[in-house]
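*Asks:* Structure provided below as structure tokens; questions to follow.
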Amino acid sequence: MRSRWIAAGVSVLAMALPASAMAGTPPGAGLGGTGQAQQASQMAATLQSAVSQASAAQNAVNANAPVNVAGGDVTAGSSTASQDAANGAVSAAGNASGTQQDNSQSQTADPTGSTGTGGAGQAQGSSQWAATLQAAQSQARAGQNAVNSNAPSNTAGGDITAGSSTADQGAHNGAGSLAGNGSKTSQSNTQTQGAGSGPVVMPEHSQGSADPSQGQTSGSGQGSGQGSGQGSGRAPDPSSADPGSGGAGQFQGSSQRAATLQAAKSKADAQQNAVNSNAPVNVAGGDITGGSSNATQNAGNGALSGAGNLSATDQSNNQSQNAGSSCLIGCGGSGQAQLSDQGALTKQLADSSASAHQNAVNANVPVNIAGGSITGGSSNATQNASNGALSGAGNLSATDQSNNQSQNAGSSCLIGCGGSGQAQFSSQGALTAQGAFSEAKAKQNAVNANVPVNIAGGSITGGSSNATQNASNGAGSAAGNASLTGQSNNQSQNAGSSCLIGCGGSGQAQFSSQGALTAQRASSEAKAKQNAVNANVPVNVAGGDITAGDSSANQGAANGAGSLAGNLSGTHQYGDQSQTSS
């Protein structure tokens, strides 16, 4: 068992060393050239989920309520209580992810081949893949029930003399929710190949030989959401190729994939029920003398929600090949090929909802069911009710793809030279789909009432109503998408030759394909509903007279709804191809 662990440790240690390959003694006449191969694969996957929830529920009661069930009088003292009720809930959920992948590959092969020696063969392959999935959900709820009452009650017999109500009630209720995702993915690949030869010299050995002890191989691997690999291979240099040498063969392949999926959902609910009442009640017998109502009620209610996604994807690839030769007679042409493939997929969804519901009541309502008279006190109460809902949802995505390919196959061959062959392929694809939905609802019911009620018997003398009611209600909603896609491709080929007699022609091919699809949808909705009532309504169901007091109440009711939805998309594609053959 111990020997197994030792062997495994040696293997891991060997894998941790840098990747390199070195050819030993130069090949002799008629031997194949040096072969080099590099392969790098990187994979990163990030999965994140953040859920946040905040709930605040409050029941605040400030009451002055003497009760007499049978017999005797009730004399209520004044209600000057101060009630400050504040309730709030805040929730936030977010994800931030960063993935970076870098790969660098370098190969240099300068063969010291004799007559009839095959050219060096080089191959590089690189694959990178990154996937990021994020979901953030945030919810905040605030529920408040605030009651400030002066309500003496007599069920049977006796009179009720209500004291004045000058209570102050400040009720504040709010809910805020925020959900967001931020992701950045970067992929970079650099590949370089050089297969050249120097001046013509004779090899040191007339016969080919190989020394296995000169070979050394090692590899390394690491996984932690971020990977990197680098390898290099080199054959001895400097040297040359004799007449009749085969041309160098080079190949490069690169593939990059990035997928980002994000969803952010935020919801805020604020519900408030604020009551400030002066309501003496007599069920049977006796008179009710209502005290003045000068209470002040400030009720504020609001809900705020926001959801957003931010994504950035960068992909870059650089490929360079140089196959120079100083072979003079009967030289084979160099062969070069480059392949590059890039793909980026980004999907984002942001959903935000804000709802504010408010019921504000400021009442002076003495009630007598049977018998006795009602003398209503004056109502000079001040009621400031404000209610608002705000919602916002947005997506921001940026995708950048860049590819540079360069090939140079120069030759100093003079007689019977084979032409160089060069090929370049580039494909880029970007897909961005975004959806932003925002909704804001504000509902308000504001009542400021002076309503003495007598069901049967007795008269009603209504007091003056000079109450001031300022009710404001608003809803705002916004949804937006912004997307930017940039694609650039540069391809350059140079096949120069100084050949004079029996020269083969150079072959060059370039292929470039770019495709970008952007789909955006932004939906915004705002609803504001308001019911504002300022009433002086004495009611007598049967018997007795009604003398209504003056109604000079001031009511300022403001209600508004605003909605905004927008999309912004920019796509830029640039392709440059250049070929030179002399």
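Identifiers for the structure tokens are assigned positionally: chains receive A, B, ... in sequence, residues are indexed from 1 per chain, and ligands are indexed from 1 in the order shown.
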Excluding Gln407 (chain A) and residues on its chain fewer than 6 positions from it, collect all residues at most 7 Å away from it, counting only C-alpha atoms, and give them as JSON, numbers by chain.

*Replies:* {"A": [320, 321, 322, 492, 493, 494]}

*Asks:* Could the residues in this selection be written to a file with all heavy atoms, as an mmCIF file, in the first residue's frame?

*Replies:*
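Output below, filename out-v3.cif:
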```
data_model
loop_
_atom_site.group_PDB
_atom_site.id
_atom_site.type_symbol
_atom_site.label_atom_id
_atom_site.label_comp_id
_atom_site.auth_asym_id
_atom_site.auth_seq_id
_atom_site.Cartn_x
_atom_site.Cartn_y
_atom_site.Cartn_z
ATOM 1 N N SER A 320 0.204 32.672 -34.870
ATOM 2 C CA SER A 320 1.297 33.146 -35.721
ATOM 3 C C SER A 320 2.123 31.949 -36.180
ATOM 4 O O SER A 320 2.486 31.085 -35.379
ATOM 5 C CB SER A 320 2.182 34.136 -34.955
ATOM 6 O OG SER A 320 3.288 34.530 -35.731
ATOM 7 N N GLN A 321 2.415 31.914 -37.484
ATOM 8 C CA GLN A 321 3.220 30.843 -38.065
ATOM 9 C C GLN A 321 4.298 31.446 -38.956
ATOM 10 O O GLN A 321 4.031 32.349 -39.762
ATOM 11 C CB GLN A 321 2.345 29.882 -38.888
ATOM 12 C CG GLN A 321 1.439 29.013 -38.036
ATOM 13 C CD GLN A 321 0.529 28.122 -38.864
ATOM 14 O OE1 GLN A 321 0.111 28.503 -39.948
ATOM 15 N NE2 GLN A 321 0.218 26.935 -38.347
ATOM 16 N N ASN A 322 5.514 30.928 -38.805
ATOM 17 C CA ASN A 322 6.635 31.388 -39.621
ATOM 18 C C ASN A 322 7.425 30.165 -40.072
ATOM 19 O O ASN A 322 7.996 29.454 -39.260
ATOM 20 C CB ASN A 322 7.523 32.345 -38.814
ATOM 21 C CG ASN A 322 8.649 32.921 -39.644
ATOM 22 O OD1 ASN A 322 8.683 32.771 -40.870
ATOM 23 N ND2 ASN A 322 9.585 33.577 -38.979
ATOM 24 N N SER A 492 -3.746 37.611 -42.275
ATOM 25 C CA SER A 492 -2.639 38.078 -43.116
ATOM 26 C C SER A 492 -1.827 36.886 -43.588
ATOM 27 O O SER A 492 -1.465 36.015 -42.784
ATOM 28 C CB SER A 492 -1.762 39.055 -42.327
ATOM 29 O OG SER A 492 -0.647 39.445 -43.080
ATOM 30 N N GLN A 493 -1.528 36.854 -44.901
ATOM 31 C CA GLN A 493 -0.726 35.782 -45.488
ATOM 32 C C GLN A 493 0.346 36.384 -46.378
ATOM 33 O O GLN A 493 0.074 37.295 -47.176
ATOM 34 C CB GLN A 493 -1.607 34.830 -46.316
ATOM 35 C CG GLN A 493 -2.523 33.957 -45.474
ATOM 36 C CD GLN A 493 -3.428 33.076 -46.319
ATOM 37 O OE1 GLN A 493 -3.835 33.468 -47.405
ATOM 38 N NE2 GLN A 493 -3.758 31.896 -45.808
ATOM 39 N N ASN A 494 1.562 35.860 -46.245
ATOM 40 C CA ASN A 494 2.679 36.324 -47.058
ATOM 41 C C ASN A 494 3.490 35.110 -47.502
ATOM 42 O O ASN A 494 4.074 34.413 -46.693
ATOM 43 C CB ASN A 494 3.554 37.290 -46.254
ATOM 44 C CG ASN A 494 4.673 37.879 -47.085
ATOM 45 O OD1 ASN A 494 4.708 37.717 -48.301
ATOM 46 N ND2 ASN A 494 5.594 38.561 -46.422
#
```

*Asks:* Record the distance separating CA of Gly247 (chain A) and CA of Ser581 (chain A), expressed in Å with one decimal.

*Replies:*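 Answer for the CA of Gly247 (chain A) to CA of Ser581 (chain A) separation: 17.5 Å.
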
*Asks:* Nearest to Ser412 (chain A) among A:Leu484, A:Ala356, A:Ala449, A:Ile329, with distances taken over only C-alpha atoms: which residue is it?

*Replies:*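 Counting only C-alpha atoms, the residue closest to Ser412 (chain A) is A:Ile329.
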
*Asks:* Counting only C-alpha atoms, which of A:Thr117, A:Gln36, A:Thr375, A:Ser464 gets nearest to Gln193 (chain A)?

*Replies:*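 Among A:Thr117, A:Gln36, A:Thr375, A:Ser464, it is A:Gln36 that comes nearest to Gln193 (chain A).
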
*Asks:* For CA of Ser411 (chain A) and CA of Thr108 (chain A), quote the distance in Å rounded to one decimal.

*Replies:* 17.3 Å

*Asks:* I need the residue nearest Gln491 (chain A) from this list: A:Asn362, A:Ser582, A:Ser402, A:Thr99. Use only C-alpha atoms for the distance.

*Replies:* A:Ser402

*Asks:* Given only C-alpha atoms as the basis, pick out the residue of A:Gln530, A:Ser465, A:Asn448, A:Ser353 nearest to Ala270 (chain A).

*Replies:* A:Ser353

*Asks:* What does the distance from CA of Asn473 (chain A) to CA of Ala57 (chain A) come to in Å, to one decimal?

*Replies:* 22.4 Å

*Asks:* May I have the residues within 10 Å of Ala86 (chain A) as number ranges by chain, using only C-alpha atoms and disregarding those fewer than 4 positions away in the same chain?

*Replies:* A: 58, 60, 144, 146, 170-174, 300

*Asks:* For N, CA and C atoms, I'd like the residues from the last selection saved as a compact mmCIF listing (two decimals), in the first residue's frame.

*Replies:*
```
# COMPACT_ATOMS: atom_id res chain seq x y z
N GLN A 58 -45.71 44.46 11.94
CA GLN A 58 -45.87 45.31 13.12
C GLN A 58 -47.34 45.59 13.38
N ALA A 60 -49.18 48.07 15.97
CA ALA A 60 -49.03 49.11 16.98
C ALA A 60 -50.40 49.69 17.33
N GLN A 144 -47.83 46.57 8.28
CA GLN A 144 -47.99 47.42 9.46
C GLN A 144 -49.47 47.71 9.71
N ALA A 146 -51.31 50.18 12.32
CA ALA A 146 -51.14 51.19 13.36
C ALA A 146 -52.50 51.80 13.70
N GLY A 170 -47.59 58.95 13.83
CA GLY A 170 -46.67 58.89 12.69
C GLY A 170 -46.37 57.44 12.37
N ALA A 171 -46.89 56.98 11.29
CA ALA A 171 -46.72 55.58 10.89
C ALA A 171 -45.90 55.51 9.62
N HIS A 172 -44.78 54.83 9.69
CA HIS A 172 -43.89 54.70 8.54
C HIS A 172 -43.65 53.23 8.25
N ASN A 173 -43.82 52.87 7.03
CA ASN A 173 -43.68 51.47 6.63
C ASN A 173 -42.96 51.40 5.29
N GLY A 174 -41.99 50.54 5.20
CA GLY A 174 -41.24 50.47 3.95
C GLY A 174 -40.65 49.09 3.73
N GLY A 300 -46.86 57.17 6.01
CA GLY A 300 -46.00 57.02 4.83
C GLY A 300 -45.78 55.55 4.54
```

*Asks:* Rank A:Asn273, A:Ala433, A:Gly457, A:Gly330 by their smallest atom-to-atom distance to Ile501 (chain A), using only C-alpha atoms, and report the top residue only.

*Replies:*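 Between A:Asn273, A:Ala433, A:Gly457, A:Gly330, the residue approaching Ile501 (chain A) most closely is A:Gly330.
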
*Asks:* Compare A:Ala307, A:Leu339, A:Ala263, A:Ile288 by their minimum atom-to-atom distance to Leu178 (chain A), counting only C-alpha atoms, and give me the closest one.

*Replies:*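 Under the stated criterion, the closest residue is A:Ala307.
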
*Asks:* Just list the residues in region 531-577 of chain A DSSP gives strand (DSSP E) on the backbone, as an NGL selection string.

*Replies:* :A and (531-536 or 539-542 or 546-547 or 554-577)

*Asks:* Taking only C-alpha atoms into account, produce a table as a tab-separated table in which each residue of region 407-471 of chain A with an atom at most 9 Å from an atom of region 560-570 of chain A appears once, together with its shortest atom pair and the distance in Å to one decimal, ordered by chain and rising number.

*Replies:*
```
residue	atom	partner	partner_atom	distance
A:Ala436	CA	A:Ala565	CA	8.8
A:Phe437	CA	A:Ala565	CA	8.8
A:Ser438	CA	A:Ala565	CA	8.6
A:Glu439	CA	A:Ser563	CA	8.6
A:Ala440	CA	A:Ser563	CA	8.6
A:Lys441	CA	A:Ala561	CA	8.7
A:Ala442	CA	A:Ala561	CA	8.5
```

*Asks:* Go ahead and save the picked residues with N, CA and C atoms, as a CSV table (one decimal), in the first residue's frame.

*Replies:*
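Ended up saving to part_12.csv:
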```csv
chain,number,residue,atom,x,y,z
A,436,ALA,N,-36.2,42.0,-19.6
A,436,ALA,CA,-36.3,42.8,-18.4
A,436,ALA,C,-37.8,43.2,-18.2
A,437,PHE,N,-38.3,42.9,-17.0
A,437,PHE,CA,-39.8,43.1,-16.7
A,437,PHE,C,-39.9,43.9,-15.4
A,438,SER,N,-40.6,44.9,-15.4
A,438,SER,CA,-40.7,45.8,-14.3
A,438,SER,C,-42.2,46.2,-14.1
A,439,GLU,N,-42.7,46.1,-12.8
A,439,GLU,CA,-44.1,46.4,-12.6
A,439,GLU,C,-44.1,47.1,-11.2
A,440,ALA,N,-44.9,48.2,-11.2
A,440,ALA,CA,-45.1,49.0,-10.0
A,440,ALA,C,-46.6,49.3,-9.8
A,441,LYS,N,-47.0,49.0,-8.6
A,441,LYS,CA,-48.5,49.2,-8.2
A,441,LYS,C,-48.6,50.0,-6.9
A,442,ALA,N,-49.3,51.0,-7.0
A,442,ALA,CA,-49.6,51.8,-5.8
A,442,ALA,C,-51.1,52.0,-5.6
```
